[in-house]
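S.K.: Provided below: entry-v4.pdb, containing PDB, C-alpha atoms.
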```pdb
ATOM      1  CA  MET A   1     -46.574   6.678 -58.182
ATOM      2  CA  ASP A   2     -47.669  10.250 -58.813
ATOM      3  CA  VAL A   3     -44.058  11.345 -58.754
ATOM      4  CA  LYS A   4     -43.007   8.653 -61.192
ATOM      5  CA  GLY A   5     -46.014   9.365 -63.358
ATOM      6  CA  VAL A   6     -45.188  13.041 -63.666
ATOM      7  CA  ILE A   7     -41.572  12.337 -64.520
ATOM      8  CA  SER A   8     -42.461   9.665 -67.016
ATOM      9  CA  ILE A   9     -44.843  11.960 -68.917
ATOM     10  CA  GLU A  10     -42.255  14.703 -68.990
ATOM     11  CA  TYR A  11     -39.744  12.260 -70.289
ATOM     12  CA  ILE A  12     -42.113  10.984 -72.967
ATOM     13  CA  ILE A  13     -42.871  14.537 -74.099
ATOM     14  CA  LEU A  14     -39.185  15.302 -74.223
ATOM     15  CA  ILE A  15     -38.458  12.188 -76.254
ATOM     16  CA  GLY A  16     -41.404  12.848 -78.569
ATOM     17  CA  PHE A  17     -40.320  16.419 -79.146
ATOM     18  CA  THR A  18     -36.760  15.307 -79.800
ATOM     19  CA  MET A  19     -37.852  12.587 -82.176
ATOM     20  CA  GLY A  20     -39.882  15.159 -84.121
ATOM     21  CA  ILE A  21     -36.834  17.379 -84.432
ATOM     22  CA  ILE A  22     -34.676  14.434 -85.441
ATOM     23  CA  ILE A  23     -37.147  13.332 -88.110
ATOM     24  CA  MET A  24     -37.362  16.856 -89.538
ATOM     25  CA  GLY A  25     -33.580  17.206 -89.300
ATOM     26  CA  ALA A  26     -33.035  13.818 -90.925
ATOM     27  CA  SER A  27     -35.280  14.805 -93.832
ATOM     28  CA  TYR A  28     -33.332  18.031 -94.350
ATOM     29  CA  ILE A  29     -29.980  16.305 -93.884
ATOM     30  CA  GLY A  30     -31.047  13.548 -96.279
ATOM     31  CA  LYS A  31     -31.819  16.048 -99.065
ATOM     32  CA  SER A  32     -28.564  17.923 -98.502
ATOM     33  CA  ASN A  33     -26.720  14.635 -98.358
ATOM     34  CA  GLU A  34     -28.139  13.641-101.763
ATOM     35  CA  LEU A  35     -26.675  16.772-103.349
ATOM     36  CA  ASN A  36     -23.399  16.205-101.494
ATOM     37  CA  ILE A  37     -23.159  12.637-102.806
ATOM     38  CA  ALA A  38     -23.966  13.857-106.336
ATOM     39  CA  MET A  39     -21.300  16.581-106.180
ATOM     40  CA  SER A  40     -18.778  14.089-104.847
ATOM     41  CA  ALA A  41     -19.646  11.689-107.684
ATOM     42  CA  ALA A  42     -19.373  14.588-110.152
ATOM     43  CA  ARG A  43     -15.859  15.364-108.930
ATOM     44  CA  ASN A  44     -14.873  11.717-109.222
ATOM     45  CA  GLY A  45     -16.275  11.592-112.754
ATOM     46  CA  ALA A  46     -14.498  14.802-113.740
ATOM     47  CA  ILE A  47     -11.187  13.411-112.495
ATOM     48  CA  GLU A  48     -11.789  10.150-114.356
ATOM     49  CA  GLY A  49     -12.606  12.002-117.589
ATOM     50  CA  ALA A  50      -9.539  14.206-117.189
ATOM     51  CA  ASN A  51      -7.409  11.086-116.641
ATOM     52  CA  VAL A  52      -8.677   9.416-119.816
ATOM     53  CA  ASN A  53      -7.972  12.629-121.733
ATOM     54  CA  SER A  54      -4.548  13.043-120.126
ATOM     55  CA  PHE A  55      -3.345   9.530-120.928
ATOM     56  CA  ALA A  56      -4.850   9.732-124.432
ATOM     57  CA  ILE A  57      -6.155   6.168-124.328
ATOM     58  CA  TYR A  58      -9.628   6.206-125.817
ATOM     59  CA  PRO A  59     -12.371   3.822-126.903
ATOM     60  CA  GLU A  60     -11.706   2.485-130.401
ATOM     61  CA  SER A  61     -14.305   4.580-132.258
ATOM     62  CA  ALA A  62     -13.135   7.839-130.667
ATOM     63  CA  PHE A  63      -9.491   6.915-131.272
ATOM     64  CA  ASP A  64     -10.101   6.255-134.970
ATOM     65  CA  ASP A  65     -11.942   9.567-135.280
ATOM     66  CA  TYR A  66      -9.152  11.489-133.538
ATOM     67  CA  MET A  67      -6.510   9.824-135.729
ATOM     68  CA  VAL A  68      -8.163  11.413-138.756
ATOM     69  CA  ARG A  69      -9.677  14.677-137.509
ATOM     70  CA  LYS A  70      -7.938  15.596-134.226
ATOM     71  CA  PRO A  71      -4.400  14.179-134.144
ATOM     72  CA  ARG A  72      -3.424  16.457-131.256
ATOM     73  CA  LEU A  73      -5.646  14.402-128.952
ATOM     74  CA  ILE A  74      -3.654  11.225-129.702
ATOM     75  CA  SER A  75      -0.789  12.632-127.634
ATOM     76  CA  GLN A  76      -0.933  13.063-123.876
ATOM     77  CA  SER A  77      -2.150  16.323-122.358
ATOM     78  CA  SER A  78      -1.921  17.928-118.961
ATOM     79  CA  ILE A  79      -5.497  18.498-117.784
ATOM     80  CA  LYS A  80      -6.493  19.774-114.369
ATOM     81  CA  ILE A  81      -9.975  20.115-112.889
ATOM     82  CA  ILE A  82     -10.116  23.538-111.231
ATOM     83  CA  LYS A  83     -13.585  23.496-109.661
ATOM     84  CA  ILE A  84     -17.139  22.306-110.110
ATOM     85  CA  ASP A  85     -20.062  24.689-109.622
ATOM     86  CA  TYR A  86     -23.753  23.930-109.610
ATOM     87  CA  LEU A  87     -26.779  26.042-110.444
ATOM     88  CA  ASP A  88     -30.190  25.146-109.043
ATOM     89  CA  GLN A  89     -32.588  25.723-111.971
ATOM     90  CA  GLY A  90     -35.708  24.913-109.977
ATOM     91  CA  PHE A  91     -38.393  22.286-110.360
ATOM     92  CA  ASN A  92     -38.554  20.593-113.756
ATOM     93  CA  PRO A  93     -42.179  19.658-114.574
ATOM     94  CA  THR A  94     -41.146  17.173-117.288
ATOM     95  CA  TYR A  95     -39.161  14.943-114.970
ATOM     96  CA  LYS A  96     -40.877  16.156-111.758
ATOM     97  CA  LYS A  97     -37.521  16.695-110.097
ATOM     98  CA  ARG A  98     -35.348  19.660-109.157
ATOM     99  CA  LYS A  99     -32.906  20.410-111.974
ATOM    100  CA  ILE A 100     -29.255  21.072-111.180
ATOM    101  CA  GLN A 101     -26.852  22.261-113.871
ATOM    102  CA  LEU A 102     -23.200  21.441-113.262
ATOM    103  CA  LYS A 103     -20.385  23.549-114.672
ATOM    104  CA  ILE A 104     -16.831  22.252-114.655
ATOM    105  CA  TYR A 105     -13.853  24.582-114.792
ATOM    106  CA  ALA A 106     -10.709  22.950-116.161
ATOM    107  CA  SER A 107      -7.269  23.857-117.403
ATOM    108  CA  ALA A 108      -5.423  22.332-120.388
ATOM    109  CA  PRO A 109      -2.663  24.746-121.398
ATOM    110  CA  SER A 110      -1.136  22.310-123.914
ATOM    111  CA  VAL A 111      -4.370  21.980-125.909
ATOM    112  CA  LYS A 112      -5.197  25.184-127.783
ATOM    113  CA  GLY A 113      -7.673  24.184-130.500
ATOM    114  CA  THR A 114     -11.335  24.933-129.835
ATOM    115  CA  GLY A 115     -12.474  21.679-131.423
ATOM    116  CA  ASP A 116      -9.918  19.702-129.435
ATOM    117  CA  ARG A 117     -11.011  21.372-126.195
ATOM    118  CA  ASN A 118     -14.660  20.697-127.001
ATOM    119  CA  SER A 119     -13.893  16.992-127.358
ATOM    120  CA  LEU A 120     -11.970  16.944-124.085
ATOM    121  CA  GLY A 121     -14.780  18.844-122.351
ATOM    122  CA  ASP A 122     -17.481  16.563-123.733
ATOM    123  CA  ARG A 123     -15.601  13.558-122.382
ATOM    124  CA  ILE A 124     -15.233  15.152-118.930
ATOM    125  CA  ASN A 125     -18.959  15.977-118.871
ATOM    126  CA  PHE A 126     -19.825  12.441-120.005
ATOM    127  CA  TYR A 127     -17.863  10.902-117.134
ATOM    128  CA  VAL A 128     -19.423  13.387-114.677
ATOM    129  CA  ARG A 129     -22.969  12.338-115.634
ATOM    130  CA  LYS A 130     -21.987   8.678-115.772
ATOM    131  CA  SER A 131     -20.494   8.844-112.298
ATOM    132  CA  ILE A 132     -23.650  10.447-110.865
ATOM    133  CA  CYS A 133     -25.852   7.767-112.440
ATOM    134  CA  GLU A 134     -23.599   5.037-111.050
ATOM    135  CA  ALA A 135     -23.597   6.612-107.576
ATOM    136  CA  PHE A 136     -27.403   6.463-107.441
ATOM    137  CA  GLY A 137     -27.887   3.341-109.576
ATOM    138  CA  THR A 138     -29.999   5.189-112.162
ATOM    139  CA  GLN A 139     -28.216   4.075-115.344
ATOM    140  CA  ASN A 140     -31.420   2.439-116.602
ATOM    141  CA  GLN A 141     -33.446   5.662-116.327
ATOM    142  CA  THR A 142     -31.426   7.655-118.836
ATOM    143  CA  ASN A 143     -29.876   7.317-122.310
ATOM    144  CA  LYS A 144     -26.467   6.011-123.352
ATOM    145  CA  LEU A 145     -24.924   9.456-122.911
ATOM    146  CA  PHE A 146     -26.315   9.605-119.337
ATOM    147  CA  ASN A 147     -27.959  12.905-120.233
ATOM    148  CA  PRO A 148     -29.649  13.910-118.022
ATOM    149  CA  ALA A 149     -28.335  12.101-114.982
ATOM    150  CA  PHE A 150     -30.748  11.305-112.173
ATOM    151  CA  SER A 151     -30.535  10.918-108.436
ATOM    152  CA  ASP A 152     -33.559  10.099-106.252
ATOM    153  CA  ASN A 153     -34.971  13.643-106.148
ATOM    154  CA  LEU A 154     -32.742  15.606-108.530
ATOM    155  CA  LEU A 155     -31.785  15.636-112.196
ATOM    156  CA  PHE A 156     -28.405  16.818-113.426
ATOM    157  CA  THR A 157     -27.253  18.337-116.687
ATOM    158  CA  THR A 158     -23.824  19.680-117.610
ATOM    159  CA  ALA A 159     -22.899  22.997-119.170
ATOM    160  CA  ASP A 160     -19.938  23.239-121.556
ATOM    161  CA  VAL A 161     -16.647  22.974-119.710
ATOM    162  CA  GLN A 162     -15.133  26.371-118.996
ATOM    163  CA  TRP A 163     -11.425  26.359-119.890
ATOM    164  CA  VAL A 164      -9.370  28.654-117.723
TER     165      VAL A 164
ATOM    166  CA  MET B   1     -38.171  17.343 -47.523
ATOM    167  CA  ASP B   2     -40.370  15.404 -49.949
ATOM    168  CA  ASN B   3     -40.345  18.317 -52.351
ATOM    169  CA  ILE B   4     -36.563  18.338 -52.412
ATOM    170  CA  LYS B   5     -36.499  14.593 -53.232
ATOM    171  CA  ILE B   6     -39.024  15.132 -56.020
ATOM    172  CA  MET B   7     -36.935  17.930 -57.522
ATOM    173  CA  ASP B   8     -33.802  15.793 -57.298
ATOM    174  CA  ASN B   9     -35.559  12.957 -59.143
ATOM    175  CA  ILE B  10     -36.799  15.312 -61.834
ATOM    176  CA  LYS B  11     -33.299  16.744 -62.300
ATOM    177  CA  MET B  12     -31.817  13.252 -62.560
ATOM    178  CA  MET B  13     -34.328  12.207 -65.198
ATOM    179  CA  ASP B  14     -33.834  15.459 -67.080
ATOM    180  CA  ASN B  15     -30.105  14.938 -67.147
ATOM    181  CA  GLY B  16     -30.473  11.321 -68.246
ATOM    182  CA  GLY B  17     -32.908  12.308 -70.993
ATOM    183  CA  ALA B  18     -30.711  15.108 -72.252
ATOM    184  CA  LEU B  19     -27.700  12.824 -72.492
ATOM    185  CA  SER B  20     -29.635  10.206 -74.453
ATOM    186  CA  VAL B  21     -30.870  12.750 -76.982
ATOM    187  CA  ASP B  22     -27.339  14.042 -77.434
ATOM    188  CA  PHE B  23     -26.127  10.527 -77.954
ATOM    189  CA  ILE B  24     -28.837   9.672 -80.514
ATOM    190  CA  PHE B  25     -28.275  12.891 -82.424
ATOM    191  CA  THR B  26     -24.506  12.499 -82.415
ATOM    192  CA  THR B  27     -24.779   8.878 -83.515
ATOM    193  CA  LEU B  28     -27.116   9.873 -86.352
ATOM    194  CA  ILE B  29     -24.725  12.532 -87.603
ATOM    195  CA  ILE B  30     -21.705  10.239 -87.254
ATOM    196  CA  LEU B  31     -23.483   7.515 -89.235
ATOM    197  CA  ILE B  32     -24.341   9.965 -92.019
ATOM    198  CA  VAL B  33     -20.778  11.288 -92.145
ATOM    199  CA  ILE B  34     -19.242   7.789 -92.123
ATOM    200  CA  GLY B  35     -21.658   6.665 -94.852
ATOM    201  CA  SER B  36     -20.723   9.621 -97.031
ATOM    202  CA  ILE B  37     -16.996   9.125 -96.464
ATOM    203  CA  LEU B  38     -17.196   5.407 -97.251
ATOM    204  CA  THR B  39     -19.010   6.149-100.511
ATOM    205  CA  VAL B  40     -16.391   8.710-101.504
ATOM    206  CA  VAL B  41     -13.507   6.406-100.544
ATOM    207  CA  ALA B  42     -14.945   3.465-102.518
ATOM    208  CA  GLU B  43     -15.448   5.626-105.612
ATOM    209  CA  ARG B  44     -11.967   7.140-105.343
ATOM    210  CA  MET B  45     -10.415   3.680-104.985
ATOM    211  CA  ALA B  46     -12.159   2.577-108.181
ATOM    212  CA  ILE B  47     -10.804   5.648-109.992
ATOM    213  CA  VAL B  48      -7.299   4.935-108.704
ATOM    214  CA  GLY B  49      -7.515   1.417-110.196
ATOM    215  CA  GLU B  50      -8.685   2.735-113.568
ATOM    216  CA  THR B  51      -6.039   5.461-113.567
ATOM    217  CA  GLU B  52      -3.353   2.905-112.757
ATOM    218  CA  GLU B  53      -4.504   0.813-115.723
ATOM    219  CA  LEU B  54      -4.411   3.762-118.124
ATOM    220  CA  GLY B  55      -1.082   4.984-116.766
ATOM    221  CA  THR B  56       0.554   1.572-116.984
ATOM    222  CA  ALA B  57      -0.717   1.068-120.538
ATOM    223  CA  ARG B  58       0.585   4.466-121.596
ATOM    224  CA  MET B  59       3.969   3.838-119.967
ATOM    225  CA  LEU B  60       4.279   0.451-121.634
ATOM    226  CA  ALA B  61       3.542   1.879-125.089
ATOM    227  CA  GLU B  62       6.065   4.662-124.487
ATOM    228  CA  ASN B  63       8.677   2.149-123.280
ATOM    229  CA  VAL B  64       8.312   0.031-126.425
ATOM    230  CA  ALA B  65       8.479   3.173-128.588
ATOM    231  CA  GLU B  66      11.569   4.341-126.689
ATOM    232  CA  ALA B  67      13.266   0.941-127.200
ATOM    233  CA  ILE B  68      12.502   1.055-130.938
ATOM    234  CA  ASN B  69      13.812   4.615-131.238
ATOM    235  CA  LYS B  70      16.970   3.751-129.285
ATOM    236  CA  ALA B  71      17.646   0.696-131.451
ATOM    237  CA  TYR B  72      17.124   2.826-134.567
ATOM    238  CA  SER B  73      19.381   5.643-133.413
ATOM    239  CA  GLY B  74      22.021   3.106-132.253
ATOM    240  CA  GLY B  75      22.767   2.164-135.853
ATOM    241  CA  ASP B  76      23.307  -1.060-137.727
ATOM    242  CA  GLY B  77      23.474  -4.138-135.457
ATOM    243  CA  HIS B  78      22.097  -2.441-132.344
ATOM    244  CA  VAL B  79      19.830  -4.753-130.312
ATOM    245  CA  ILE B  80      17.518  -3.980-127.400
ATOM    246  CA  SER B  81      15.604  -6.625-125.462
ATOM    247  CA  ILE B  82      12.256  -5.861-123.907
ATOM    248  CA  ALA B  83      10.029  -7.969-121.639
ATOM    249  CA  LEU B  84       6.303  -7.357-121.686
ATOM    250  CA  PRO B  85       4.345  -7.889-118.433
ATOM    251  CA  PRO B  86       1.748 -10.699-118.476
ATOM    252  CA  ASN B  87      -1.153  -8.305-117.818
ATOM    253  CA  ILE B  88      -2.061  -4.774-116.850
ATOM    254  CA  ASN B  89      -4.270  -4.610-113.756
ATOM    255  CA  GLU B  90      -5.297  -8.238-114.358
ATOM    256  CA  LYS B  91      -6.406  -7.363-117.900
ATOM    257  CA  ILE B  92      -4.981  -8.800-121.089
ATOM    258  CA  TYR B  93      -3.558  -6.363-123.627
ATOM    259  CA  GLN B  94      -1.841  -6.347-127.015
ATOM    260  CA  ILE B  95       0.736  -4.116-128.660
ATOM    261  CA  ARG B  96       0.780  -3.492-132.386
ATOM    262  CA  VAL B  97       3.737  -1.794-134.048
ATOM    263  CA  ASP B  98       3.626  -0.349-137.546
ATOM    264  CA  PRO B  99       5.519   2.493-139.271
ATOM    265  CA  SER B 100       3.088   5.080-137.850
ATOM    266  CA  GLY B 101       3.659   4.149-134.199
ATOM    267  CA  VAL B 102       3.149   1.793-131.283
ATOM    268  CA  PHE B 103      -0.499   1.057-130.508
ATOM    269  CA  ILE B 104      -1.571  -0.504-127.222
ATOM    270  CA  GLU B 105      -5.015  -2.063-127.017
ATOM    271  CA  ILE B 106      -6.576  -2.850-123.645
ATOM    272  CA  ASP B 107     -10.170  -3.328-122.556
ATOM    273  CA  GLY B 108     -11.558  -1.869-125.802
ATOM    274  CA  ASN B 109      -9.363   1.216-125.555
ATOM    275  CA  ILE B 110      -6.424   2.222-127.735
ATOM    276  CA  GLY B 111      -3.453   4.496-127.173
ATOM    277  CA  LYS B 112      -0.585   5.435-129.472
ATOM    278  CA  ALA B 113       3.078   6.298-128.960
ATOM    279  CA  TYR B 114       5.079   7.822-131.804
ATOM    280  CA  ILE B 115       8.277   6.300-133.261
ATOM    281  CA  VAL B 116      10.947   7.538-135.660
ATOM    282  CA  PRO B 117      11.748   4.554-137.966
ATOM    283  CA  LYS B 118       9.551   4.059-140.990
ATOM    284  CA  ARG B 119      10.561   0.484-141.776
ATOM    285  CA  ILE B 120       9.285  -2.119-139.326
ATOM    286  CA  SER B 121       9.022  -5.872-139.798
ATOM    287  CA  ASN B 122       9.198  -9.124-137.926
ATOM    288  CA  ALA B 123      11.770 -11.870-138.457
ATOM    289  CA  LEU B 124       9.262 -14.389-139.777
ATOM    290  CA  ASN B 125       8.042 -12.161-142.567
ATOM    291  CA  PRO B 126      10.533  -9.455-143.575
ATOM    292  CA  THR B 127       8.036  -7.944-146.009
ATOM    293  CA  SER B 128       5.432  -7.335-143.291
ATOM    294  CA  THR B 129       4.920  -3.797-142.047
ATOM    295  CA  GLU B 130       3.064  -4.681-138.864
ATOM    296  CA  VAL B 131       4.267  -6.551-135.770
ATOM    297  CA  ILE B 132       2.014  -7.861-133.005
ATOM    298  CA  MET B 133       3.634  -8.087-129.561
ATOM    299  CA  LEU B 134       1.875 -10.304-127.043
ATOM    300  CA  ALA B 135       1.564  -9.903-123.279
ATOM    301  CA  GLY B 136       4.046 -11.855-121.178
ATOM    302  CA  LYS B 137       6.511 -12.454-124.040
ATOM    303  CA  ASN B 138      10.087 -11.229-124.485
ATOM    304  CA  TYR B 139      11.260  -9.530-127.667
ATOM    305  CA  ASN B 140      14.505  -8.438-129.311
ATOM    306  CA  ILE B 141      14.445  -5.248-131.320
ATOM    307  CA  TYR B 142      17.183  -5.218-133.988
ATOM    308  CA  ASN B 143      18.494  -2.470-136.211
ATOM    309  CA  VAL B 144      19.241  -4.129-139.573
ATOM    310  CA  LYS B 145      20.703  -2.473-142.669
ATOM    311  CA  ASP B 146      18.763  -3.183-145.864
ATOM    312  CA  THR B 147      20.396  -3.796-149.243
ATOM    313  CA  ASP B 148      19.456  -0.278-150.337
ATOM    314  CA  GLY B 149      21.488   1.159-147.441
ATOM    315  CA  SER B 150      18.576   2.283-145.249
ATOM    316  CA  ASN B 151      17.945   0.888-141.793
ATOM    317  CA  ARG B 152      15.051  -1.362-140.765
ATOM    318  CA  ILE B 153      13.727  -2.301-137.308
ATOM    319  CA  VAL B 154      13.150  -6.043-136.946
ATOM    320  CA  ILE B 155      11.197  -7.255-133.911
ATOM    321  CA  THR B 156      11.540 -10.931-132.993
ATOM    322  CA  GLN B 157      10.051 -12.926-130.161
ATOM    323  CA  ILE B 158      12.695 -14.590-127.999
TER     324      ILE B 158
END
```
Is it possible to express this structure as structure tokens?
M.R.:
Amino acid sequence: MDVKGVISIEYIILIGFTMGIIIMGASYIGKSNELNIAMSAARNGAIEGANVNSFAIYPESAFDDYMVRKPRLISQSSIKIIKIDYLDQGFNPTYKKRKIQLKIYASAPSVKGTGDRNSLGDRINFYVRKSICEAFGTQNQTNKLFNPAFSDNLLFTTADVQWV
Amino acid sequence: MDNIKIMDNIKMMDNGGALSVDFIFTTLIILIVIGSILTVVAERMAIVGETEELGTARMLAENVAEAINKAYSGGDGHVISIALPPNINEKIYQIRVDPSGVFIEIDGNIGKAYIVPKRISNALNPTSTEVIMLAGKNYNIYNVKDTDGSNRIVITQI
């Protein structure tokens, strides 16, 4: 009995210690995983925005506007997402969450006009924020432009798209 | 002798415990990785569906525009038939043709393909300048010479 008792206590301590490590690890992994999911959603959104721009099939209001002011955008374009960076801007006291600013690098050699590129970039950023909100189910917490986008513990904004 | 048995027991339990912890930790990590991958895959699949819809709509508008341009460049009497699919990605759509181009409307979105001819009408109303082409219907695109000598594109449903 003594022998079993000694082994059992050792085993319990070992399990307890391991569980503590797992819980701490899970907490850390969970936070990292949240950012990973957000970045993955951001990439998906950027690709979706680039696709809409590339095929030049837009919502009616945007289409009518482009017909008058930006006819170049009515035709198809070749748009490629190069990379997506993020900048941790620290704790935001207004929203009580850590603020992450996303910056998308894209290439559109066939579109030269600054105004045209701004419109393409705004659409890419819109789909990035929308995708993040959809990934975390936080569409109801933000405005119709999904700006800022929220996850459970983070908030996301987008810088102007950098054209390379 | 007893001490040796005790040490053997301790070693066995240690080994068993170590294996279990490895297993739990590995399972935890695998579950997290699988969960992340599944999320990414589901999102990518949704994007593929949306991209397919946009791509198909764009191709269809370009095909109609190409048929109109070919009929126009073919000269008087040239006819091209075109069949429109019943839907795009299970969604209904509509094509509108006027002298400025071919417009495809699907799911609240609009795209435009450019055409050359500036005179477009349908057979029912030769004075009209706009033709609506419906999903799932077949159309003939004619090149007809007007009385003033210029060519007109007439689109009729078969």
S.K.: Let me have the centre and edge lengths of the axis-aligned box enclosing all listed atoms of stretch 108-124 of chain A with 8 Å padding on every side, in Å to one decimal, as AutoDock Vina command-line options.
M.R.:
```
--center_x -9.3 --center_y 19.4 --center_z -125.2 --size_x 32.3 --size_y 27.6 --size_z 28.5
```
S.K.: Go through B:Gly108, B:Gly101, B:Pro86, B:Gly74 one by one, measure the shortest atom-to-atom distance of each to A:Ala62 using only C-alpha atoms, and give the residue with the smallest value.
M.R.: B:Gly108
S.K.: With 6 Å as the limit and counting all atoms listed in the file, what residues in chain B lie close to chain A? Please list them as a short mmCIF file (atom, residue, chain, number, x, y, z; two decimals) with C-alpha atoms, keeping the file's coordinate frame.
M.R.:
```cif
data_model
loop_
_atom_site.label_atom_id
_atom_site.label_comp_id
_atom_site.auth_asym_id
_atom_site.auth_seq_id
_atom_site.Cartn_x
_atom_site.Cartn_y
_atom_site.Cartn_z
CA GLY B 108 -11.56 -1.87 -125.80
CA ASN B 109 -9.36 1.22 -125.56
CA ILE B 110 -6.42 2.22 -127.74
CA GLY B 111 -3.45 4.50 -127.17
#
```
S.K.: With all atoms listed in the file as the basis for distance, which of B:Ile92, B:Leu84, B:Ile132, B:Ala46 is at the shortest distance from B:Ile106?
M.R.: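 So, comparing all the options, the nearest one is B:Ile92.
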S.K.: How far is it from atom CA of B:Arg58 to atom CA of A:Asp122, in Å with one decimal?
M.R.: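 It comes out at 21.8 Å.
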S.K.: Selection in question (the file shown): the PyMOL selection byres ((chain B and resi 70) around 10). Which residues does it include, as a PyMOL selection string?
M.R.: chain B and resi 64-69+71-75+78-80+115-116+141+143
S.K.: To one decimal place in Å, what is the distance between atom CA of A:Gly20 and atom CA of A:Leu35?
M.R.: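 So the answer is 23.4 Å.
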S.K.: Distance atom CA of A:Lys97-atom CA of A:Phe150, one decimal place?
M.R.: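 The value is 8.9 Å.
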S.K.: Step by step, work through what the PyMOL selection byres ((chain A and resi 117) around 10) selects in the shown file, and finish by giving those residues as a ChimeraX atom specification.
M.R.: /A:73,107-108,111-116,118-123,161-163
S.K.: Quick one: everything within 8 Å of A:Phe136, counting only C-alpha atoms, minus sequence neighbours fewer than 2 positions away in the same chain. Send it as a PyMOL selection string.
M.R.: chain A and resi 132-134+138+150-152
S.K.: At a cut-off of 7 Å, using only C-alpha atoms, what residues contact B:Arg152? Leave out same-chain residues fewer than 5 positions from it and give the result as number ranges by chain.
M.R.: B: 119-120, 143-146
S.K.: Stretch 127-143 of chain A from the block above, C-alpha atoms, as a PDB file, in the first residue's frame, please?
M.R.:
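After the write, part_1.pdb holds the following:
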```
ATOM      1  CA  TYR A 127     -13.277  42.738 -48.112  1.00  0.00           C
ATOM      2  CA  VAL A 128     -10.356  42.162 -45.705  1.00  0.00           C
ATOM      3  CA  ARG A 129     -12.270  43.697 -42.778  1.00  0.00           C
ATOM      4  CA  LYS A 130     -15.495  42.001 -43.829  1.00  0.00           C
ATOM      5  CA  SER A 131     -13.795  38.621 -43.948  1.00  0.00           C
ATOM      6  CA  ILE A 132     -12.332  39.075 -40.451  1.00  0.00           C
ATOM      7  CA  CYS A 133     -15.737  40.036 -39.038  1.00  0.00           C
ATOM      8  CA  GLU A 134     -17.328  37.005 -40.693  1.00  0.00           C
ATOM      9  CA  ALA A 135     -14.596  34.683 -39.392  1.00  0.00           C
ATOM     10  CA  PHE A 136     -15.324  35.739 -35.803  1.00  0.00           C
ATOM     11  CA  GLY A 137     -19.052  36.441 -36.204  1.00  0.00           C
ATOM     12  CA  THR A 138     -18.687  40.087 -35.137  1.00  0.00           C
ATOM     13  CA  GLN A 139     -20.588  41.770 -37.983  1.00  0.00           C
ATOM     14  CA  ASN A 140     -23.092  43.211 -35.497  1.00  0.00           C
ATOM     15  CA  GLN A 141     -20.392  44.950 -33.435  1.00  0.00           C
ATOM     16  CA  THR A 142     -19.167  47.252 -36.183  1.00  0.00           C
ATOM     17  CA  ASN A 143     -20.510  49.577 -38.900  1.00  0.00           C
TER      18      ASN A 143
END
```
